[in-house]
Amino acid sequence: MFALTPMRKTLFTLLLLLTGFFSRAQSEKEITISIQPKFQNSALELGKKYFTSTSDTIQFETLRFYLSSFSFYKNEKQVFSETNSYHLIDVSAEKTLTIKIKVPASLQFDAIHFNLGVDSTTNVSGAMGGDLDPINGMYWTWQSGYINLKLEGISSLCNTRNHEFQFHIGGYAAPNNSVQHVILKTQSSDSIIIELPLDIFFIETDLEKINSMMIPGNEAIELAARIAKLFRIK
Amino acid sequence: MRKLIFVFSILLSLVLAAFVTETNFQFVIPKGFPKPVYDFKKNPLTHEKIELGRKLFYDPVLSKDSTISCATCHSPFTAFAHTDHALSHGIGGKFGNRNAPSLSNLAWGSAFMWDGAVNHLDMQALAPMSNPVEMDESIAHVVNKLSHSHTYRKLFFDAFGDSTITGEFVLKSLSQFMLTLVSADSKYDKVKRGETDFTPNELHGYKLFQKNCSSCHTEPLFTNEKFENNGLYVDATLKDSGRMKVTHNPDDYLKFKVPSLRNVQYTYPYMHDGRFKTLTQVINNYMGGIQQSATLSPQLKKGISFSEMEKSDLISFLYTLTDTAFLHSKIHNSPR
């Protein structure tokens, strides 16, 4: 998000006034989507040492990912889609875990669709601002493309330097497009909680064998799919 | 009601005009050039943004220890190439594994770097900025450093109407400057425009060029913007697989982006690893040094042969691609 300079503020206020005067504002409401990454049945905490059932340790240092293209469906038909819908979720920045979407007040839906990752068109469209600014560290510099998800930490299972695991999952160009489409059934509500329990990911991913991913490809797609299927409505 | 809206919109545009000081820059497509690839609508050129990009291009603030600027390896006097350096060196004298290419006519580029790893001009600067042997810096830290500079905050405000510096603004202004590096005023261009004529030797060289070279070094940009394996032996120390590194496709093994030949007289040494110092060495390699392999460009399978006379005429023609006005352009040079 960019900060408003005084001049921008003046302009902004003027525009607001104008729109207030002249648009017979269609009545809108705000839907709040709360993203809740979890581990071992409670909110995932960075830096906390978790013990697995085999007495191994897992400690998370980074969990950041893009959720994009939010849309709402009713009876399999799209009834609303958010424009310019790109949200960088960062567990270390509390406020990024809440997404607010303005929708028509009358909106009824039975499913939410979104993507885990950034679409390929945006990946080839040059420099972007806000959540898509490369300044956020979610863009590969040696080879163009957004990092859709970063998951980093330390585990006694990893036979690596400092026992680190580091998953940087990306890739936008076919056949290595790692963006995952997620569909969640839900009831119409102004407040939705989407959980991401990561336990199953670490059951399916053997950290002794796979503990680093830095390039696009089949393995990256596989890892992305393993995470995407874990999203669920609370 | 309508009248009221009209009055208000007039008032609003007046208010807007008072704040926006930007002046548009008209990008001229040289006669005979194709439509640019760069989407100017997403980043409309203004004099303020171009000047800001120019300042950034020449400013070592982009590197970790403030020793390396873009111009360190892309000097304006040699068509923004790194003359004499086979492999470009960056921070702390460390060497990269490829030759810094000449920069011109970037608005027509669709993929950047020798292997096309970068998909858009806006994103190009991120690669050298972050490379540990080039600038060893991050865009986030560059933005942080620039934000502490009163001068830069003012320049960003003048250019973008916002003194909050972002990565997007840094990259877009660098693009703006690079987009203005248009080379289209060489003797070749003047001949094409009917302003002058080739000498008989140059004309003979031009015909040889069209017959033997132009399928890859296609006029008027003198590149087809594709990736080709031009039959170089694999350097044992670099072991550079080229385009395959990016696509993971074995069909792309040893393919590199076809470079433009504009200003080729000054962009030595040649090839992705700068292995040849002279144009004669390059031509000799096309004659006798081609390594046959599965991904070799079909045009090179049969080999090319030139007599000594033909070689000399071909080089005479290549020298007509030198754009002196471009090399000495004051507006491309370091801002004072």
# chains A, B, ... in the order shown; residues from 1 in each chain; ligands from 1

$ residues_around --residues "region 176-180 of chain A" --least-positions-apart "5" --cutoff "8 Å" --atoms "only C-alpha atoms" --output "ChimeraX atom specification"
/A:115-120,148,169-171,216-218,220-221,224-225,228

$ write_last_selection --atoms "C-alpha atoms" --output "PDB file, in the first residue's frame"
ATOM      1  CA  ASN A 115      -5.766 -18.645  -6.450  1.00  0.00           C
ATOM      2  CA  LEU A 116      -2.714 -19.506  -4.432  1.00  0.00           C
ATOM      3  CA  GLY A 117      -0.147 -17.499  -6.416  1.00  0.00           C
ATOM      4  CA  VAL A 118       0.050 -14.806  -9.072  1.00  0.00           C
ATOM      5  CA  ASP A 119      -1.394 -15.355 -12.553  1.00  0.00           C
ATOM      6  CA  SER A 120       0.881 -15.609 -15.577  1.00  0.00           C
ATOM      7  CA  ASN A 148       3.931 -17.618  -4.998  1.00  0.00           C
ATOM      8  CA  ILE A 169       7.509 -22.012  -4.796  1.00  0.00           C
ATOM      9  CA  GLY A 170       6.861 -20.242  -8.065  1.00  0.00           C
ATOM     10  CA  GLY A 171       6.750 -20.655 -11.821  1.00  0.00           C
ATOM     11  CA  PRO A 216       9.977 -23.725 -11.090  1.00  0.00           C
ATOM     12  CA  GLY A 217       9.166 -27.233 -12.253  1.00  0.00           C
ATOM     13  CA  ASN A 218       7.103 -30.331 -11.524  1.00  0.00           C
ATOM     14  CA  ALA A 220       7.321 -27.022  -7.223  1.00  0.00           C
ATOM     15  CA  ILE A 221       3.865 -27.615  -8.686  1.00  0.00           C
ATOM     16  CA  ALA A 224       2.026 -25.987  -4.281  1.00  0.00           C
ATOM     17  CA  ALA A 225      -0.817 -28.462  -4.798  1.00  0.00           C
ATOM     18  CA  ALA A 228      -3.490 -25.486  -1.785  1.00  0.00           C
TER      19      ALA A 228
END

$ residues_around --residues "Tyr268 (chain B)" --least-positions-apart "5" --cutoff "7 Å" --atoms "only C-alpha atoms" --output "PyMOL selection string"
chain B and resi 83-84+277-278

$ interface_residues --of "chain A" --to "chain B" --cutoff "6 Å" --atoms "only C-alpha atoms" --output "PyMOL selection string"
chain A and resi 126-129+133+135+141-144

$ write_last_selection --atoms "N, CA and C atoms" --output "short mmCIF file (atom, residue, chain, number, x, y, z; two decimals), in the first residue's frame"
data_model
loop_
_atom_site.label_atom_id
_atom_site.label_comp_id
_atom_site.auth_asym_id
_atom_site.auth_seq_id
_atom_site.Cartn_x
_atom_site.Cartn_y
_atom_site.Cartn_z
N GLY A 126 5.52 -6.51 -16.34
CA GLY A 126 6.40 -5.44 -15.88
C GLY A 126 6.24 -5.12 -14.41
N ALA A 127 6.76 -3.94 -14.03
CA ALA A 127 6.82 -3.58 -12.61
C ALA A 127 5.45 -3.21 -12.08
N MET A 128 5.12 -3.74 -10.92
CA MET A 128 3.83 -3.48 -10.26
C MET A 128 4.09 -2.86 -8.89
N GLY A 129 3.04 -2.26 -8.32
CA GLY A 129 3.18 -1.64 -7.01
C GLY A 129 2.41 -2.41 -5.94
N ASP A 133 4.76 -5.25 -5.50
CA ASP A 133 6.05 -4.57 -5.66
C ASP A 133 7.18 -5.56 -5.33
N ILE A 135 9.78 -5.16 -4.11
CA ILE A 135 10.38 -4.76 -2.84
C ILE A 135 9.97 -5.72 -1.72
N THR A 141 14.86 -12.65 -8.86
CA THR A 141 15.61 -11.65 -9.60
C THR A 141 16.45 -12.27 -10.70
N TRP A 142 16.89 -13.50 -10.51
CA TRP A 142 17.77 -14.15 -11.49
C TRP A 142 16.98 -14.70 -12.66
N GLN A 143 15.69 -14.86 -12.47
CA GLN A 143 14.82 -15.33 -13.54
C GLN A 143 13.44 -14.80 -13.22
N SER A 144 12.86 -14.03 -14.15
CA SER A 144 11.62 -13.31 -13.85
C SER A 144 10.53 -14.22 -13.30
#

$ atom_distance --atom1 "CA of Arg232 (chain A)" --atom2 "CA of Met213 (chain A)"
24.9 Å

$ residues_around --residues "Gln265 (chain B)" --least-positions-apart "3" --cutoff "12 Å" --atoms "only C-alpha atoms" --output "ChimeraX atom specification"
/B:77-79,81,83,102,186,260-262,268-270,277-280,315-324,327

$ residues_around --residues "Thr62 (chain A)" --least-positions-apart "5" --cutoff "10 Å" --atoms "only C-alpha atoms" --output "NGL selection string"
:A and (45-47 or 90-92 or 149-153 or 166-167)

$ atom_distance --atom1 "CA of Gln176 (chain B)" --atom2 "CA of Ile50 (chain B)"
5.0 Å

$ closest_residue --among "A:Glu208, A:Asp190, A:Glu76, A:Glu28" --to "Leu157 (chain A)" --atoms "only C-alpha atoms"
A:Glu208

$ select_by_dssp --residues "region 13-200 of chain A" --states "alpha helix (DSSP H)" --output "NGL selection string"
:A and (13-22 or 120-123 or 199-200)

$ atom_distance --atom1 "CA of His47 (chain B)" --atom2 "CA of Thr122 (chain A)"
26.8 Å

$ closest_residue --among "A:His168, A:Gln40, A:Leu67, A:Tyr146" --to "Thr96 (chain A)" --atoms "only C-alpha atoms"
A:Leu67

$ closest_residue --among "B:Pro30, B:Gly289, B:Gly242, B:Pro298" --to "Phe227 (chain B)" --atoms "only C-alpha atoms"
B:Gly242

$ select_by_dssp --residues "chain A" --states "strand (DSSP E)" --output "JSON, numbers by chain"
{"A": [28, 29, 30, 31, 32, 33, 34, 35, 36, 37, 38, 39, 42, 43, 49, 50, 51, 57, 58, 59, 60, 61, 62, 63, 64, 65, 66, 67, 68, 69, 70, 71, 72, 73, 74, 77, 78, 79, 80, 81, 86, 87, 88, 89, 90, 98, 99, 100, 101, 102, 103, 104, 111, 112, 113, 114, 115, 116, 147, 148, 149, 150, 151, 152, 153, 154, 155, 164, 165, 166, 167, 168, 169, 170, 180, 181, 182, 183, 184, 185, 191, 192, 193, 194, 195, 196, 197, 212, 213, 232, 233]}

$ write_last_selection --atoms "C-alpha atoms" --output "compact mmCIF listing (two decimals), in the first residue's frame"
# COMPACT_ATOMS: atom_id res chain seq x y z
CA GLU A 28 -22.22 -1.98 -0.72
CA LYS A 29 -20.96 -3.96 2.20
CA GLU A 30 -17.62 -5.33 3.22
CA ILE A 31 -16.81 -8.99 3.54
CA THR A 32 -13.96 -9.76 5.88
CA ILE A 33 -11.91 -12.81 5.09
CA SER A 34 -9.58 -13.86 7.82
CA ILE A 35 -6.69 -16.14 6.85
CA GLN A 36 -5.54 -18.42 9.66
CA PRO A 37 -2.48 -20.60 9.10
CA LYS A 38 -2.44 -23.34 11.73
CA PHE A 39 -0.14 -26.01 13.05
CA SER A 42 -3.71 -23.76 16.91
CA ALA A 43 -2.57 -20.60 15.15
CA LYS A 49 9.58 -25.03 18.50
CA TYR A 50 7.01 -27.69 17.65
CA PHE A 51 7.59 -31.35 18.42
CA THR A 57 11.39 -30.52 15.90
CA ILE A 58 9.90 -28.04 13.42
CA GLN A 59 10.29 -24.31 13.77
CA PHE A 60 8.78 -21.87 11.26
CA GLU A 61 10.61 -18.71 10.30
CA THR A 62 8.74 -17.48 7.23
CA LEU A 63 5.32 -18.11 5.80
CA ARG A 64 4.30 -15.73 3.07
CA PHE A 65 2.09 -16.34 0.08
CA TYR A 66 -0.07 -14.63 -2.51
CA LEU A 67 -3.80 -15.12 -2.61
CA SER A 68 -5.33 -13.64 -5.74
CA SER A 69 -8.42 -13.44 -7.95
CA PHE A 70 -11.05 -13.74 -5.22
CA SER A 71 -14.49 -14.42 -6.64
CA PHE A 72 -17.84 -15.50 -5.26
CA TYR A 73 -20.09 -18.15 -6.79
CA LYS A 74 -23.74 -19.10 -6.40
CA LYS A 77 -22.11 -19.24 -11.46
CA GLN A 78 -19.81 -16.36 -10.68
CA VAL A 79 -21.74 -13.58 -8.94
CA PHE A 80 -18.89 -11.27 -7.97
CA SER A 81 -15.17 -10.98 -8.52
CA TYR A 86 -3.78 -9.54 -5.15
CA HIS A 87 -3.09 -10.10 -1.47
CA LEU A 88 0.27 -10.87 0.05
CA ILE A 89 -0.31 -12.84 3.24
CA ASP A 90 2.58 -12.69 5.70
CA THR A 98 -7.30 -9.96 7.09
CA ILE A 99 -8.64 -9.32 3.62
CA LYS A 100 -11.54 -6.92 3.18
CA ILE A 101 -13.54 -7.08 -0.03
CA LYS A 102 -16.26 -4.60 -1.00
CA VAL A 103 -19.23 -6.40 -2.49
CA PRO A 104 -22.82 -5.49 -3.41
CA ALA A 111 -18.62 -20.80 -2.76
CA ILE A 112 -15.45 -18.73 -2.77
CA HIS A 113 -12.82 -19.17 -5.45
CA PHE A 114 -9.26 -17.84 -5.28
CA ASN A 115 -5.77 -18.65 -6.45
CA LEU A 116 -2.71 -19.51 -4.43
CA ILE A 147 7.45 -16.42 -5.73
CA ASN A 148 3.93 -17.62 -5.00
CA LEU A 149 4.79 -19.01 -1.60
CA LYS A 150 7.75 -18.89 0.77
CA LEU A 151 7.90 -21.39 3.61
CA GLU A 152 11.10 -21.42 5.62
CA GLY A 153 12.19 -22.85 8.92
CA ILE A 154 14.38 -25.23 10.87
CA SER A 155 13.80 -28.90 11.57
CA GLU A 164 17.14 -25.29 7.48
CA PHE A 165 14.32 -25.98 5.10
CA GLN A 166 13.49 -23.42 2.47
CA PHE A 167 10.63 -23.70 0.01
CA HIS A 168 10.32 -20.91 -2.56
CA ILE A 169 7.51 -22.01 -4.80
CA GLY A 170 6.86 -20.24 -8.07
CA GLN A 180 -3.28 -23.34 -7.72
CA HIS A 181 -7.00 -22.69 -7.98
CA VAL A 182 -8.87 -23.16 -4.73
CA ILE A 183 -12.64 -23.61 -4.39
CA LEU A 184 -14.23 -23.54 -0.95
CA LYS A 185 -17.92 -24.20 -0.30
CA SER A 191 -17.17 -12.70 7.97
CA ILE A 192 -15.36 -15.73 6.64
CA ILE A 193 -12.48 -17.58 8.21
CA ILE A 194 -10.19 -19.57 5.94
CA GLU A 195 -7.86 -21.91 7.76
CA LEU A 196 -4.62 -23.33 6.44
CA PRO A 197 -3.59 -26.24 8.66
CA SER A 212 14.77 -27.02 -0.46
CA MET A 213 12.91 -25.76 -3.51
CA ARG A 232 -10.66 -24.91 4.44
CA ILE A 233 -13.52 -22.83 5.75

$ residues_around --residues "Val133 (chain B)" --least-positions-apart "3" --cutoff "6 Å" --atoms "only C-alpha atoms" --output "MDAnalysis selection string"
chainID B and resid 90:91 94

$ write_last_selection --atoms "N, CA and C atoms" --output "compact mmCIF listing (two decimals), in the first residue's frame"
# COMPACT_ATOMS: atom_id res chain seq x y z
N GLY B 90 32.13 -7.20 -11.34
CA GLY B 90 31.27 -6.35 -10.54
C GLY B 90 31.91 -6.01 -9.22
N ILE B 91 31.13 -6.13 -8.18
CA ILE B 91 31.51 -5.70 -6.85
C ILE B 91 32.77 -6.45 -6.37
N LYS B 94 34.81 -9.06 -8.47
CA LYS B 94 34.38 -10.42 -8.80
C LYS B 94 33.90 -10.52 -10.24

$ decode --residues "region 201-215 of chain A" --atoms "all heavy atoms" --output "CSV table (one decimal), in the first residue's frame"
chain,number,residue,atom,x,y,z
A,201,PHE,N,0.8,-31.2,5.2
A,201,PHE,CA,1.9,-30.9,4.3
A,201,PHE,C,3.2,-31.6,4.8
A,201,PHE,O,3.9,-32.2,4.0
A,201,PHE,CB,2.1,-29.4,4.2
A,201,PHE,CG,3.3,-29.0,3.3
A,201,PHE,CD1,3.2,-29.0,1.9
A,201,PHE,CD2,4.5,-28.7,3.9
A,201,PHE,CE1,4.3,-28.7,1.2
A,201,PHE,CE2,5.6,-28.4,3.1
A,201,PHE,CZ,5.5,-28.4,1.8
A,202,PHE,N,3.4,-31.5,6.1
A,202,PHE,CA,4.7,-32.1,6.7
A,202,PHE,C,4.6,-33.6,6.8
A,202,PHE,O,5.6,-34.3,7.1
A,202,PHE,CB,5.1,-31.4,8.0
A,202,PHE,CG,5.6,-30.0,7.7
A,202,PHE,CD1,4.7,-28.9,7.8
A,202,PHE,CD2,6.9,-29.8,7.2
A,202,PHE,CE1,5.2,-27.6,7.5
A,202,PHE,CE2,7.3,-28.5,6.9
A,202,PHE,CZ,6.5,-27.4,7.1
A,203,ILE,N,3.4,-34.1,6.7
A,203,ILE,CA,3.2,-35.6,6.7
A,203,ILE,C,3.6,-36.1,5.3
A,203,ILE,O,4.3,-37.1,5.1
A,203,ILE,CB,1.8,-36.0,7.1
A,203,ILE,CG1,1.6,-35.7,8.6
A,203,ILE,CG2,1.6,-37.5,6.9
A,203,ILE,CD1,0.2,-35.8,9.1
A,204,GLU,N,3.1,-35.3,4.3
A,204,GLU,CA,3.3,-35.7,2.9
A,204,GLU,C,4.7,-35.4,2.4
A,204,GLU,O,5.1,-35.8,1.3
A,204,GLU,CB,2.2,-35.1,2.0
A,204,GLU,CG,0.8,-35.6,2.3
A,204,GLU,CD,-0.2,-35.0,1.4
A,204,GLU,OE1,0.1,-34.0,0.7
A,204,GLU,OE2,-1.3,-35.5,1.4
A,205,THR,N,5.3,-34.4,3.0
A,205,THR,CA,6.6,-33.9,2.6
A,205,THR,C,7.7,-34.4,3.5
A,205,THR,O,7.7,-33.9,4.7
A,205,THR,CB,6.7,-32.4,2.5
A,205,THR,OG1,5.5,-32.0,1.7
A,205,THR,CG2,7.9,-31.9,1.8
A,206,ASP,N,8.5,-35.3,3.1
A,206,ASP,CA,9.6,-35.8,4.0
A,206,ASP,C,10.8,-34.9,4.0
A,206,ASP,O,11.5,-34.8,3.0
A,206,ASP,CB,10.0,-37.2,3.4
A,206,ASP,CG,11.0,-37.9,4.3
A,206,ASP,OD1,11.5,-37.2,5.3
A,206,ASP,OD2,11.3,-39.1,4.1
A,207,LEU,N,10.9,-34.1,5.1
A,207,LEU,CA,11.9,-33.1,5.1
A,207,LEU,C,13.3,-33.7,5.1
A,207,LEU,O,14.3,-33.0,4.8
A,207,LEU,CB,11.8,-32.3,6.4
A,207,LEU,CG,10.6,-31.3,6.5
A,207,LEU,CD1,10.6,-30.5,7.8
A,207,LEU,CD2,10.7,-30.3,5.3
A,208,GLU,N,13.5,-35.0,5.4
A,208,GLU,CA,14.8,-35.6,5.2
A,208,GLU,C,15.2,-35.6,3.7
A,208,GLU,O,16.4,-35.5,3.4
A,208,GLU,CB,14.8,-37.0,5.7
A,208,GLU,CG,15.0,-37.1,7.2
A,208,GLU,CD,15.0,-38.5,7.7
A,208,GLU,OE1,16.1,-39.2,7.6
A,208,GLU,OE2,14.0,-39.0,8.3
A,209,LYS,N,14.2,-35.8,2.9
A,209,LYS,CA,14.5,-35.9,1.4
A,209,LYS,C,14.3,-34.6,0.7
A,209,LYS,O,15.1,-34.2,-0.2
A,209,LYS,CB,13.6,-37.0,0.8
A,209,LYS,CG,13.9,-38.4,1.3
A,209,LYS,CD,13.2,-39.4,0.5
A,209,LYS,CE,13.5,-40.8,1.1
A,209,LYS,NZ,12.2,-41.4,1.6
A,210,ILE,N,13.2,-33.9,1.0
A,210,ILE,CA,12.9,-32.6,0.3
A,210,ILE,C,13.0,-31.5,1.3
A,210,ILE,O,12.1,-31.4,2.2
A,210,ILE,CB,11.6,-32.6,-0.4
A,210,ILE,CG1,11.4,-33.8,-1.3
A,210,ILE,CG2,11.4,-31.3,-1.2
A,210,ILE,CD1,10.0,-33.9,-1.8
A,211,ASN,N,14.0,-30.7,1.3
A,211,ASN,CA,14.0,-29.6,2.2
A,211,ASN,C,14.4,-28.2,1.6
A,211,ASN,O,14.5,-27.2,2.2
A,211,ASN,CB,15.0,-29.9,3.4
A,211,ASN,CG,16.2,-30.5,2.9
A,211,ASN,OD1,16.8,-30.1,1.9
A,211,ASN,ND2,16.6,-31.6,3.5
A,212,SER,N,14.5,-28.3,0.2
A,212,SER,CA,14.8,-27.0,-0.5
A,212,SER,C,14.1,-27.0,-1.8
A,212,SER,O,14.1,-28.0,-2.5
A,212,SER,CB,16.3,-26.9,-0.6
A,212,SER,OG,16.6,-25.9,-1.5
A,213,MET,N,13.5,-25.9,-2.2
A,213,MET,CA,12.9,-25.8,-3.5
A,213,MET,C,13.1,-24.3,-3.9
A,213,MET,O,12.6,-23.4,-3.2
A,213,MET,CB,11.4,-26.2,-3.4
A,213,MET,CG,10.7,-26.0,-4.7
A,213,MET,SD,11.4,-26.9,-6.1
A,213,MET,CE,11.5,-28.6,-5.5
A,214,MET,N,13.8,-24.1,-5.0
A,214,MET,CA,14.1,-22.7,-5.4
A,214,MET,C,13.8,-22.4,-6.9
A,214,MET,O,14.0,-21.3,-7.3
A,214,MET,CB,15.6,-22.4,-5.2
A,214,MET,CG,16.1,-22.5,-3.8
A,214,MET,SD,15.5,-21.1,-2.9
A,214,MET,CE,15.8,-21.6,-1.3
A,215,ILE,N,13.3,-23.4,-7.6
A,215,ILE,CA,13.1,-23.2,-9.0
A,215,ILE,C,11.7,-23.8,-9.5
A,215,ILE,O,11.2,-24.6,-8.8
A,215,ILE,CB,14.2,-24.0,-9.9
A,215,ILE,CG1,14.3,-25.4,-9.5
A,215,ILE,CG2,15.6,-23.3,-9.7
A,215,ILE,CD1,15.1,-26.3,-10.4
